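Novice: Contents of model_5.cif (mmCIF, C-alpha atoms) are below:
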```cif
data_run
#
loop_
_atom_site.group_PDB
_atom_site.id
_atom_site.type_symbol
_atom_site.label_atom_id
_atom_site.label_comp_id
_atom_site.auth_asym_id
_atom_site.auth_seq_id
_atom_site.Cartn_x
_atom_site.Cartn_y
_atom_site.Cartn_z
ATOM 1 C CA MET P 1 -5.737 -9.874 -4.288
ATOM 2 C CA SER P 2 -2.944 -8.232 -2.389
ATOM 3 C CA CYS P 3 -0.341 -9.482 -4.846
ATOM 4 C CA MET P 4 0.434 -7.128 -7.677
ATOM 5 C CA SER P 5 1.306 -8.186 -11.164
ATOM 6 C CA TRP P 6 4.065 -6.413 -13.045
ATOM 7 C CA ALA P 7 1.425 -4.862 -15.310
ATOM 8 C CA ASP P 8 -0.439 -3.513 -12.252
ATOM 9 C CA PHE P 9 2.779 -2.087 -10.914
ATOM 10 C CA CYS P 10 3.522 -0.271 -14.178
ATOM 11 C CA GLN P 11 0.017 1.040 -14.604
ATOM 12 C CA GLU P 12 -0.373 2.289 -11.032
ATOM 13 C CA SER P 13 3.094 3.831 -11.185
ATOM 14 C CA GLN P 14 2.044 5.775 -14.262
ATOM 15 C CA GLU P 15 -1.049 6.976 -12.388
ATOM 16 C CA LEU P 16 1.165 8.085 -9.527
ATOM 17 C CA LEU P 17 3.452 9.920 -11.944
ATOM 18 C CA GLU P 18 0.438 11.708 -13.377
ATOM 19 C CA MET P 19 -0.621 12.783 -9.857
ATOM 20 C CA SER P 20 2.931 13.935 -9.208
ATOM 21 C CA ARG P 21 2.882 16.018 -12.387
ATOM 22 C CA ARG P 22 -0.388 17.631 -11.399
ATOM 23 C CA LEU P 23 0.938 18.444 -7.929
ATOM 24 C CA ILE P 24 4.243 19.679 -9.373
ATOM 25 C CA ASP P 25 6.069 17.018 -7.369
ATOM 26 C CA THR P 26 9.241 15.322 -8.603
ATOM 27 C CA TRP P 27 8.560 11.600 -8.940
ATOM 28 C CA SER P 28 10.159 10.095 -12.013
ATOM 29 C CA TRP P 29 10.260 6.758 -13.812
ATOM 30 C CA GLU P 30 13.535 5.013 -14.568
ATOM 31 C CA GLU P 31 13.421 2.343 -17.222
ATOM 32 C CA LYS P 32 16.428 0.092 -17.733
ATOM 33 C CA THR P 33 14.745 -2.424 -20.008
ATOM 34 C CA SER P 34 11.090 -3.191 -20.530
ATOM 35 C CA ASP P 35 11.521 -6.580 -18.824
ATOM 36 C CA GLU P 36 9.590 -7.480 -15.704
ATOM 37 C CA GLY P 37 10.928 -5.667 -12.652
ATOM 38 C CA GLN P 38 13.505 -3.618 -14.580
ATOM 39 C CA SER P 39 11.802 -0.233 -14.240
ATOM 40 C CA TYR P 40 11.178 1.716 -11.054
ATOM 41 C CA LEU P 41 9.972 4.962 -9.533
ATOM 42 C CA VAL P 42 12.531 7.476 -8.267
ATOM 43 C CA TYR P 43 12.157 10.296 -5.770
ATOM 44 C CA LYS P 44 14.923 12.470 -4.329
ATOM 45 C CA GLN P 45 14.862 14.786 -1.376
ATOM 46 C CA LYS P 46 17.213 16.511 1.035
ATOM 47 C CA LEU P 47 16.965 16.315 4.809
ATOM 48 C CA SER P 48 18.991 17.911 7.513
ATOM 49 C CA ASP P 49 20.496 15.516 10.001
ATOM 50 C CA PRO P 50 18.873 16.357 13.362
ATOM 51 C CA LEU P 51 22.166 15.770 15.223
ATOM 52 C CA THR P 52 24.860 17.273 13.010
ATOM 53 C CA GLN P 53 22.692 19.616 10.870
ATOM 54 C CA ASP P 54 24.478 18.106 7.891
ATOM 55 C CA LEU P 55 22.444 18.145 4.685
ATOM 56 C CA ILE P 56 21.635 14.637 3.571
ATOM 57 C CA GLN P 57 20.413 13.677 0.150
ATOM 58 C CA ILE P 58 18.180 10.631 -0.031
ATOM 59 C CA GLU P 59 17.149 8.865 -3.183
ATOM 60 C CA TYR P 60 14.153 6.562 -2.915
ATOM 61 C CA ASN P 61 13.462 3.831 -5.467
ATOM 62 C CA ILE P 62 10.153 1.997 -5.583
ATOM 63 C CA VAL P 63 11.019 -1.287 -7.276
ATOM 64 C CA TYR P 64 8.816 -4.239 -8.131
ATOM 65 C CA SER P 65 9.752 -7.430 -6.323
ATOM 66 C CA ILE P 66 9.241 -10.423 -8.594
ATOM 67 C CA SER P 67 9.532 -12.915 -5.756
ATOM 68 C CA TYR P 68 7.121 -11.160 -3.375
ATOM 69 C CA GLN P 69 4.953 -9.535 -6.082
ATOM 70 C CA VAL P 70 4.753 -6.281 -4.157
ATOM 71 C CA PRO P 71 6.521 -2.938 -4.370
ATOM 72 C CA ILE P 72 9.729 -2.551 -2.339
ATOM 73 C CA MET P 73 11.125 0.732 -1.146
ATOM 74 C CA TYR P 74 14.882 0.985 -1.658
ATOM 75 C CA PHE P 75 16.842 4.069 -0.727
ATOM 76 C CA GLN P 76 20.348 5.403 -0.508
ATOM 77 C CA ALA P 77 21.448 8.343 1.607
ATOM 78 C CA HIS P 78 24.504 10.521 1.076
ATOM 79 C CA HIS P 79 26.179 13.207 3.183
ATOM 80 C CA SER P 80 26.729 16.624 1.625
ATOM 81 C CA ASP P 81 30.342 15.616 0.829
ATOM 82 C CA GLY P 82 29.081 12.648 -1.168
ATOM 83 C CA LYS P 83 29.930 9.983 1.399
ATOM 84 C CA MET P 84 27.295 7.284 1.756
ATOM 85 C CA LEU P 85 25.536 6.928 5.113
ATOM 86 C CA SER P 86 26.146 3.632 6.863
ATOM 87 C CA LEU P 87 23.256 1.472 8.006
ATOM 88 C CA GLU P 88 23.945 2.650 11.585
ATOM 89 C CA SER P 89 23.745 6.340 10.675
ATOM 90 C CA VAL P 90 20.546 5.717 8.742
ATOM 91 C CA TRP P 91 19.057 4.090 11.825
ATOM 92 C CA GLN P 92 20.085 7.140 13.852
ATOM 93 C CA LEU P 93 18.546 9.463 11.287
ATOM 94 C CA PHE P 94 15.172 7.782 11.238
ATOM 95 C CA LEU P 95 15.057 6.939 14.923
ATOM 96 C CA PHE P 96 15.314 10.552 15.907
ATOM 97 C CA GLN P 97 11.607 11.334 15.765
ATOM 98 C CA LYS P 98 10.804 9.497 18.944
ATOM 99 C CA ASP P 99 7.505 11.251 19.583
ATOM 100 C CA SER P 100 5.809 9.608 16.666
ATOM 101 C CA GLN P 101 3.284 6.903 17.331
ATOM 102 C CA TYR P 102 4.923 4.882 14.608
ATOM 103 C CA SER P 103 7.219 2.796 16.735
ATOM 104 C CA ARG P 104 10.410 3.265 14.869
ATOM 105 C CA GLU P 105 12.627 0.880 16.802
ATOM 106 C CA ASP P 106 10.219 -1.727 15.727
ATOM 107 C CA MET P 107 10.287 -0.737 12.088
ATOM 108 C CA LEU P 108 14.055 -0.777 12.078
ATOM 109 C CA SER P 109 13.918 -4.529 12.431
ATOM 110 C CA ILE P 110 12.891 -4.675 8.771
ATOM 111 C CA LEU P 111 15.297 -1.979 7.607
ATOM 112 C CA THR P 112 18.098 -3.859 5.969
ATOM 113 C CA GLN P 113 20.697 -3.651 3.252
ATOM 114 C CA MET P 114 20.095 -5.570 0.034
ATOM 115 C CA GLU P 115 21.285 -5.580 -3.511
ATOM 116 C CA HIS P 116 19.245 -3.324 -5.750
ATOM 117 C CA PRO P 117 17.630 -5.713 -8.261
ATOM 118 C CA VAL P 118 18.113 -3.348 -11.207
ATOM 119 C CA LEU P 119 21.291 -1.446 -10.354
ATOM 120 C CA PHE P 120 23.102 -4.308 -8.539
ATOM 121 C CA LYS P 121 24.444 -1.894 -5.940
ATOM 122 C CA PRO P 122 23.928 -2.144 -2.187
ATOM 123 C CA TYR P 123 20.822 -0.210 -1.175
ATOM 124 C CA MET P 124 18.923 0.043 2.085
ATOM 125 C CA CYS P 125 15.391 -1.227 1.966
ATOM 126 C CA LEU P 126 12.384 -2.057 4.063
ATOM 127 C CA HIS P 127 12.034 -5.790 3.752
ATOM 128 C CA PRO P 128 8.934 -6.759 1.704
ATOM 129 C CA CYS P 129 7.921 -9.741 3.840
ATOM 130 C CA ARG P 130 4.959 -7.866 5.355
ATOM 131 C CA THR P 131 3.970 -5.650 2.466
ATOM 132 C CA ALA P 132 1.362 -7.954 0.933
ATOM 133 C CA GLU P 133 -0.271 -8.260 4.350
ATOM 134 C CA ILE P 134 -0.477 -4.491 4.728
ATOM 135 C CA LEU P 135 -1.899 -3.963 1.258
ATOM 136 C CA GLU P 136 -4.442 -6.676 1.970
ATOM 137 C CA GLN P 137 -5.862 -4.529 4.779
ATOM 138 C CA MET P 138 -6.848 -1.909 2.224
ATOM 139 C CA PRO P 139 -8.786 -3.931 -0.301
ATOM 140 C CA HIS P 140 -10.442 -0.893 -1.899
ATOM 141 C CA SER P 141 -7.269 1.003 -2.576
ATOM 142 C CA LYS P 142 -7.431 2.838 -5.887
ATOM 143 C CA ASN P 143 -3.698 2.908 -6.244
ATOM 144 C CA ARG P 144 -1.668 0.408 -4.252
ATOM 145 C CA ILE P 145 1.619 2.105 -5.044
ATOM 146 C CA LEU P 146 0.287 5.287 -3.454
ATOM 147 C CA THR P 147 -1.028 3.308 -0.471
ATOM 148 C CA PHE P 148 2.326 1.604 -0.118
ATOM 149 C CA ILE P 149 4.382 4.803 -0.307
ATOM 150 C CA SER P 150 2.107 6.717 2.029
ATOM 151 C CA ILE P 151 2.235 3.923 4.638
ATOM 152 C CA MET P 152 5.954 3.139 4.505
ATOM 153 C CA GLY P 153 7.264 6.569 3.497
ATOM 154 C CA PRO P 154 6.761 8.364 6.832
ATOM 155 C CA TYR P 155 9.098 5.853 8.510
ATOM 156 C CA LEU P 156 11.807 7.061 6.159
ATOM 157 C CA GLN P 157 10.802 10.728 6.309
ATOM 158 C CA LEU P 158 9.136 10.500 2.930
ATOM 159 C CA ASN P 159 5.882 12.380 3.499
ATOM 160 C CA LEU P 160 3.582 12.840 0.551
ATOM 161 C CA ASP P 161 1.418 15.905 0.073
ATOM 162 C CA ASN P 162 -2.241 15.576 1.092
ATOM 163 C CA GLY P 163 -3.147 16.374 -2.497
ATOM 164 C CA TYR P 164 -2.271 12.825 -3.520
ATOM 165 C CA GLY P 165 -5.222 11.607 -1.502
ATOM 166 C CA LEU P 166 -7.517 13.860 -3.502
ATOM 167 C CA LEU P 167 -6.242 12.991 -6.942
ATOM 168 C CA CYS P 168 -6.602 9.254 -6.492
ATOM 169 C CA ARG P 169 -10.345 9.761 -6.129
ATOM 170 C CA GLY P 170 -12.202 8.587 -9.228
ATOM 171 C CA GLU P 171 -14.317 11.120 -11.102
ATOM 172 C CA GLY P 172 -17.814 11.631 -9.685
ATOM 173 C CA GLU P 173 -17.013 9.386 -6.771
ATOM 174 C CA TYR P 174 -17.429 12.018 -4.178
ATOM 175 C CA LEU P 175 -19.037 10.275 -1.257
ATOM 176 C CA SER P 176 -18.913 6.677 -0.231
ATOM 177 C CA ASP P 177 -22.308 5.066 0.324
ATOM 178 C CA ASP P 178 -21.609 4.793 4.029
ATOM 179 C CA VAL P 179 -21.539 8.535 4.363
ATOM 180 C CA LYS P 180 -24.727 9.165 2.439
ATOM 181 C CA ASN P 181 -26.705 6.892 4.710
ATOM 182 C CA LEU P 182 -25.540 8.537 7.874
ATOM 183 C CA PRO P 183 -27.773 10.990 9.740
ATOM 184 C CA THR P 184 -26.238 14.422 9.985
ATOM 185 C CA VAL P 185 -24.918 15.274 13.419
ATOM 186 C CA MET E 1 7.001 21.558 15.767
ATOM 187 C CA ALA E 2 5.247 24.237 13.774
ATOM 188 C CA ASP E 3 1.852 22.864 14.729
ATOM 189 C CA ASN E 4 2.438 23.598 18.395
ATOM 190 C CA GLU E 5 3.475 27.139 17.675
ATOM 191 C CA THR E 6 0.315 27.998 15.797
ATOM 192 C CA GLU E 7 -1.742 26.631 18.641
ATOM 193 C CA ASN E 8 -0.570 29.439 20.883
ATOM 194 C CA THR E 9 -1.499 32.299 18.599
ATOM 195 C CA PRO E 10 -4.838 34.035 19.327
ATOM 196 C CA THR E 11 -6.385 33.299 15.922
ATOM 197 C CA ALA E 12 -5.621 29.652 16.336
ATOM 198 C CA SER E 13 -7.184 29.464 19.786
ATOM 199 C CA ALA E 14 -10.332 31.155 18.493
ATOM 200 C CA GLU E 15 -10.593 28.547 15.777
ATOM 201 C CA LYS E 16 -9.965 25.853 18.299
ATOM 202 C CA ASP E 17 -13.632 25.764 19.285
ATOM 203 C CA ASN E 18 -14.587 24.821 15.742
ATOM 204 C CA LYS E 19 -14.085 21.167 16.252
ATOM 205 C CA ILE E 20 -13.980 18.934 13.215
ATOM 206 C CA CYS E 21 -16.368 16.069 12.777
ATOM 207 C CA ILE E 22 -14.676 12.858 11.718
ATOM 208 C CA LEU E 23 -16.252 9.602 10.658
ATOM 209 C CA LEU E 24 -14.320 6.426 11.410
ATOM 210 C CA ASN E 25 -14.721 3.393 9.160
ATOM 211 C CA ALA E 26 -13.100 0.044 9.844
ATOM 212 C CA THR E 27 -11.582 -2.004 7.038
ATOM 213 C CA GLY E 28 -9.743 -5.290 6.943
ATOM 214 C CA ASN E 29 -9.673 -7.327 10.134
ATOM 215 C CA VAL E 30 -9.971 -4.512 12.657
ATOM 216 C CA PRO E 31 -12.862 -4.399 15.170
ATOM 217 C CA ILE E 32 -15.444 -1.706 14.503
ATOM 218 C CA ILE E 33 -16.038 1.238 16.800
ATOM 219 C CA LYS E 34 -19.750 1.553 17.569
ATOM 220 C CA LYS E 35 -19.742 5.317 17.735
ATOM 221 C CA ARG E 36 -18.471 6.271 14.304
ATOM 222 C CA SER E 37 -18.828 10.045 14.441
ATOM 223 C CA TRP E 38 -16.430 11.968 16.629
ATOM 224 C CA THR E 39 -15.559 15.599 16.976
ATOM 225 C CA VAL E 40 -11.903 16.425 17.367
ATOM 226 C CA ASP E 41 -9.735 19.425 17.968
ATOM 227 C CA PRO E 42 -8.500 20.572 14.524
ATOM 228 C CA TYR E 43 -4.923 20.787 15.777
ATOM 229 C CA LYS E 44 -4.698 17.151 16.816
ATOM 230 C CA THR E 45 -2.435 15.051 14.646
ATOM 231 C CA VAL E 46 -3.064 11.883 12.696
ATOM 232 C CA SER E 47 -0.874 9.962 15.124
ATOM 233 C CA TRP E 48 -3.005 11.234 18.014
ATOM 234 C CA ILE E 49 -6.094 9.673 16.376
ATOM 235 C CA GLN E 50 -4.182 6.468 15.766
ATOM 236 C CA LYS E 51 -3.284 6.345 19.450
ATOM 237 C CA PHE E 52 -6.876 7.086 20.376
ATOM 238 C CA ILE E 53 -8.251 4.213 18.281
ATOM 239 C CA HIS E 54 -5.539 1.914 19.578
ATOM 240 C CA LYS E 55 -6.519 2.713 23.148
ATOM 241 C CA TYR E 56 -10.249 2.622 22.465
ATOM 242 C CA LEU E 57 -10.084 -0.849 20.939
ATOM 243 C CA LYS E 58 -7.703 -1.999 23.668
ATOM 244 C CA LEU E 59 -5.311 -3.375 21.096
ATOM 245 C CA ASP E 60 -2.146 -5.185 21.947
ATOM 246 C CA PRO E 61 1.015 -3.021 21.942
ATOM 247 C CA SER E 62 2.345 -5.223 19.136
ATOM 248 C CA GLU E 63 -0.482 -4.052 16.885
ATOM 249 C CA GLN E 64 -0.628 -0.707 15.181
ATOM 250 C CA ILE E 65 -3.373 1.333 13.587
ATOM 251 C CA PHE E 66 -3.086 2.799 10.111
ATOM 252 C CA LEU E 67 -5.346 5.649 9.126
ATOM 253 C CA TYR E 68 -6.145 6.601 5.577
ATOM 254 C CA VAL E 69 -8.420 8.767 3.472
ATOM 255 C CA ASN E 70 -10.244 7.986 0.245
ATOM 256 C CA GLN E 71 -9.505 4.290 0.913
ATOM 257 C CA THR E 72 -6.066 4.764 -0.561
ATOM 258 C CA PHE E 73 -3.879 7.458 0.914
ATOM 259 C CA ALA E 74 -2.313 7.305 4.376
ATOM 260 C CA PRO E 75 -1.546 10.863 5.554
ATOM 261 C CA ALA E 76 1.740 11.529 7.340
ATOM 262 C CA PRO E 77 1.453 10.911 11.120
ATOM 263 C CA ASP E 78 2.382 14.492 12.038
ATOM 264 C CA GLN E 79 -0.289 15.948 9.754
ATOM 265 C CA ILE E 80 -2.927 17.937 11.637
ATOM 266 C CA ILE E 81 -6.632 17.190 11.228
ATOM 267 C CA LYS E 82 -7.396 20.720 10.093
ATOM 268 C CA ASN E 83 -5.158 20.339 7.023
ATOM 269 C CA LEU E 84 -6.654 16.975 6.241
ATOM 270 C CA TYR E 85 -10.142 18.354 6.569
ATOM 271 C CA ASP E 86 -9.361 21.306 4.308
ATOM 272 C CA CYS E 87 -8.190 18.870 1.687
ATOM 273 C CA HIS E 88 -10.509 15.901 2.151
ATOM 274 C CA GLY E 89 -13.556 17.089 4.086
ATOM 275 C CA THR E 90 -16.907 16.455 2.410
ATOM 276 C CA ASN E 91 -20.295 17.695 3.631
ATOM 277 C CA GLY E 92 -18.805 18.991 6.854
ATOM 278 C CA LYS E 93 -17.188 15.675 7.716
ATOM 279 C CA LEU E 94 -13.821 14.104 7.362
ATOM 280 C CA VAL E 95 -14.120 10.431 6.460
ATOM 281 C CA LEU E 96 -11.252 8.308 7.754
ATOM 282 C CA TYR E 97 -10.657 4.611 7.282
ATOM 283 C CA TYR E 98 -8.590 2.610 9.700
ATOM 284 C CA CYS E 99 -7.080 -0.822 9.726
ATOM 285 C CA LYS E 100 -4.703 -2.583 12.024
ATOM 286 C CA ASN E 101 -1.505 -4.354 11.404
ATOM 287 C CA GLN E 102 0.934 -6.446 13.360
ATOM 288 C CA ALA E 103 4.141 -4.728 14.328
ATOM 289 C CA TRP E 104 7.059 -5.177 11.967
ATOM 290 C CA GLY E 105 9.617 -7.887 12.189
#
```
Since I need it in another form, could you write the structure as structure tokens?
Specialist:
Amino acid sequence: MSCMSWADFCQESQELLEMSRRLIDTWSWEEKTSDEGQSYLVYKQKLSDPLTQDLIQIEYNIVYSISYQVPIMYFQAHHSDGKMLSLESVWQLFLFQKDSQYSREDMLSILTQMEHPVLFKPYMCLHPCRTAEILEQMPHSKNRILTFISIMGPYLQLNLDNGYGLLCRGEGEYLSDDVKNLPTV
Amino acid sequence: MADNETENTPTASAEKDNKICILLNATGNVPIIKKRSWTVDPYKTVSWIQKFIHKYLKLDPSEQIFLYVNQTFAPAPDQIIKNLYDCHGTNGKLVLYYCKNQAWG
């Protein structure tokens, strides 16, 4: 149930792209070949480094993992002069928001550097060993790619607009049955 | 943060009394909370509610709570409830789903 097939990944990615278009967001789809796992979602954004105020460009890639059958979030961060951020500086960057409940030190234990399966370049990623488990907790998810990005993204400062939550709602599916049965307070 | 600034302005404090009704639904393997309807300050954040549930259920520090709307979308932890309600509130309520997960690693 929590495992995604390649076809699921493609279809739900296309749904996400449609939501992105409607929200005038900038997600895009990169297709190398039509083979399994050879296409991925791309999102780019700029952040300012909380310590040096340097402008950092981050490119996120949501790639399908054939071995784990889940999406993986890869990313690469560059300084404004084009130099790539080291793993240590990336840790610094994402650790900075200490006040968050999301215990970041903890998350950093799965932040690692791996070879990008499509581009064959070193990319940082959040290791997919726990992803299936997380997706399993949300069995009614209408779009697992969206669930995945919205859960993992905030650790890497990738915060999606609330509008995504609205668009993934199916037509006419306004209230869940639980709500209808509840007495008004 | 911007959220804290708005809290100090007079208009914001006037609105502060209009608490928002949220409905908590458990999914996955998380224990249920008997009282499902709660009213919260609109300027509380998503992470504040996560902490609240964590404390209420007396979860282990190695476990974390995820909160999501529409069974699919997990709002950013620094998002305030008022924004979420404006976007996702139905019939005067904000329906939130929660599940728990082991810490990473």
Novice: Do you know which residues are at most 9 Å from segment 72-86 of chain E counting all atoms listed in the file, after dropping those on the same chain fewer than 5 positions away, and could you put them as a PyMOL selection string?
Specialist: (chain P and resi 100-102+138+140-144+146-151+153-154+158-162+164-166+168-169) or (chain E and resi 3+20+22+40-48+50+66-67+92-95)
Novice: Quick check on the file I pasted: which residues fall under the PyMOL selection byres ((chain P and resi 24-27) around 8)? Write them as a ChimeraX atom specification.
Specialist: /P:17,20-23,28-29,41-44
Novice: For the residues in the current selection, export C-alpha atoms as an mmCIF file, in the frame of the given file.
Specialist:
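Result saved to selection_28.cif:
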```
data_model
loop_
_atom_site.group_PDB
_atom_site.id
_atom_site.type_symbol
_atom_site.label_atom_id
_atom_site.label_comp_id
_atom_site.auth_asym_id
_atom_site.auth_seq_id
_atom_site.Cartn_x
_atom_site.Cartn_y
_atom_site.Cartn_z
ATOM 1 C CA LEU P 17 3.452 9.920 -11.944
ATOM 2 C CA SER P 20 2.931 13.935 -9.208
ATOM 3 C CA ARG P 21 2.882 16.018 -12.387
ATOM 4 C CA ARG P 22 -0.388 17.631 -11.399
ATOM 5 C CA LEU P 23 0.938 18.444 -7.929
ATOM 6 C CA SER P 28 10.159 10.095 -12.013
ATOM 7 C CA TRP P 29 10.260 6.758 -13.812
ATOM 8 C CA LEU P 41 9.972 4.962 -9.533
ATOM 9 C CA VAL P 42 12.531 7.476 -8.267
ATOM 10 C CA TYR P 43 12.157 10.296 -5.770
ATOM 11 C CA LYS P 44 14.923 12.470 -4.329
#
```
Novice: Hey, what comes out of the PyMOL selection byres ((chain E and resi 56) around 12) on this file? Could you write it as a list in words?
Specialist: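 Applying the expression gives Pro31, Ile32, Ile33, Lys34, Lys35, Ile49, Gln50, Lys51, Phe52, Ile53, His54, Lys55, Leu57, Lys58, Leu59, Asp60 and Ile65 of chain E.
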Novice: Any chance you could resolve the PyMOL selection byres ((chain P and resi 51-64) around 6) against this file and give the residues as a PDB file with C-alpha atoms, in the coordinates of the input?
Specialist:
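Everything below was put into part.pdb:
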```pdb
ATOM      1  CA  GLY P  37      10.928  -5.667 -12.652  1.00  0.00           C
ATOM      2  CA  TYR P  40      11.178   1.716 -11.054  1.00  0.00           C
ATOM      3  CA  LEU P  41       9.972   4.962  -9.533  1.00  0.00           C
ATOM      4  CA  VAL P  42      12.531   7.476  -8.267  1.00  0.00           C
ATOM      5  CA  TYR P  43      12.157  10.296  -5.770  1.00  0.00           C
ATOM      6  CA  LYS P  44      14.923  12.470  -4.329  1.00  0.00           C
ATOM      7  CA  GLN P  45      14.862  14.786  -1.376  1.00  0.00           C
ATOM      8  CA  LYS P  46      17.213  16.511   1.035  1.00  0.00           C
ATOM      9  CA  LEU P  47      16.965  16.315   4.809  1.00  0.00           C
ATOM     10  CA  SER P  48      18.991  17.911   7.513  1.00  0.00           C
ATOM     11  CA  ASP P  49      20.496  15.516  10.001  1.00  0.00           C
ATOM     12  CA  PRO P  50      18.873  16.357  13.362  1.00  0.00           C
ATOM     13  CA  SER P  65       9.752  -7.430  -6.323  1.00  0.00           C
ATOM     14  CA  PRO P  71       6.521  -2.938  -4.370  1.00  0.00           C
ATOM     15  CA  ILE P  72       9.729  -2.551  -2.339  1.00  0.00           C
ATOM     16  CA  MET P  73      11.125   0.732  -1.146  1.00  0.00           C
ATOM     17  CA  TYR P  74      14.882   0.985  -1.658  1.00  0.00           C
ATOM     18  CA  PHE P  75      16.842   4.069  -0.727  1.00  0.00           C
ATOM     19  CA  GLN P  76      20.348   5.403  -0.508  1.00  0.00           C
ATOM     20  CA  ALA P  77      21.448   8.343   1.607  1.00  0.00           C
ATOM     21  CA  HIS P  78      24.504  10.521   1.076  1.00  0.00           C
ATOM     22  CA  HIS P  79      26.179  13.207   3.183  1.00  0.00           C
ATOM     23  CA  SER P  80      26.729  16.624   1.625  1.00  0.00           C
TER      24      SER P  80
END
```
Novice: Looking at only C-alpha atoms, which of P:Ser86, P:Gln92, P:Gln137, P:Gln69 is the one that sits closest to Gln113 of chain P?
Specialist: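 Under the stated criterion, the closest residue is P:Ser86.
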Novice: What does the structure give for the distance between atom CA of Leu85 of chain P and atom CA of Arg130 of chain P, in Å to one decimal?
Specialist: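 These two atoms are separated by 25.3 Å.
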Novice: Can you work out which one of P:Leu119, P:Met84, P:Leu93, P:Cys129 has the shortest atom-to-atom distance to chain E, counting all atoms listed in the file?
Specialist: P:Cys129
Novice: Pick the closest to Trp91 of chain P from P:Gln157, P:Gln14, P:Gln38, P:Thr131: which is it, counting only C-alpha atoms?
Specialist: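 Checking each of P:Gln157, P:Gln14, P:Gln38, P:Thr131 against Trp91 of chain P, counting only C-alpha atoms, the winner is P:Gln157.
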Novice: Give the answer as one residue: which of P:Met107, P:Leu135, P:Val118, P:Ile145 has the shortest atom-to-atom distance to chain E, using only C-alpha atoms?
Specialist: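 Closest to chain E of all the choices is P:Met107.
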Novice: Can you tell me, as an mmCIF file with C-alpha atoms, in the frame of the given file, what residues are no more than 8 Å from Met4 of chain P when counting only C-alpha atoms, ignoring any on the same chain fewer than 3 positions away?
Specialist:
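Now in part.cif:
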```cif
data_model
loop_
_atom_site.group_PDB
_atom_site.id
_atom_site.type_symbol
_atom_site.label_atom_id
_atom_site.label_comp_id
_atom_site.auth_asym_id
_atom_site.auth_seq_id
_atom_site.Cartn_x
_atom_site.Cartn_y
_atom_site.Cartn_z
ATOM 1 C CA MET P 1 -5.737 -9.874 -4.288
ATOM 2 C CA ASP P 8 -0.439 -3.513 -12.252
ATOM 3 C CA PHE P 9 2.779 -2.087 -10.914
ATOM 4 C CA GLN P 69 4.953 -9.535 -6.082
ATOM 5 C CA VAL P 70 4.753 -6.281 -4.157
#
```
Novice: Counting only C-alpha atoms, which residue out of P:Pro139, P:Pro117, P:Pro122, P:Pro128 sits closest to Leu87 of chain P?
Specialist: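 Of P:Pro139, P:Pro117, P:Pro122, P:Pro128, the one nearest Leu87 of chain P is P:Pro122, counting only C-alpha atoms.
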Novice: With only C-alpha atoms as the basis for distance, which of E:Gly28, E:Tyr98, E:Pro61, E:Tyr68 is at the shortest distance from chain P?
Specialist: E:Gly28
Novice: Could you tell me how far atom CA of Leu126 of chain P sits from atom CA of Leu111 of chain P, in Å to one decimal place?
Specialist: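 Between these atoms lies a distance of 4.6 Å.
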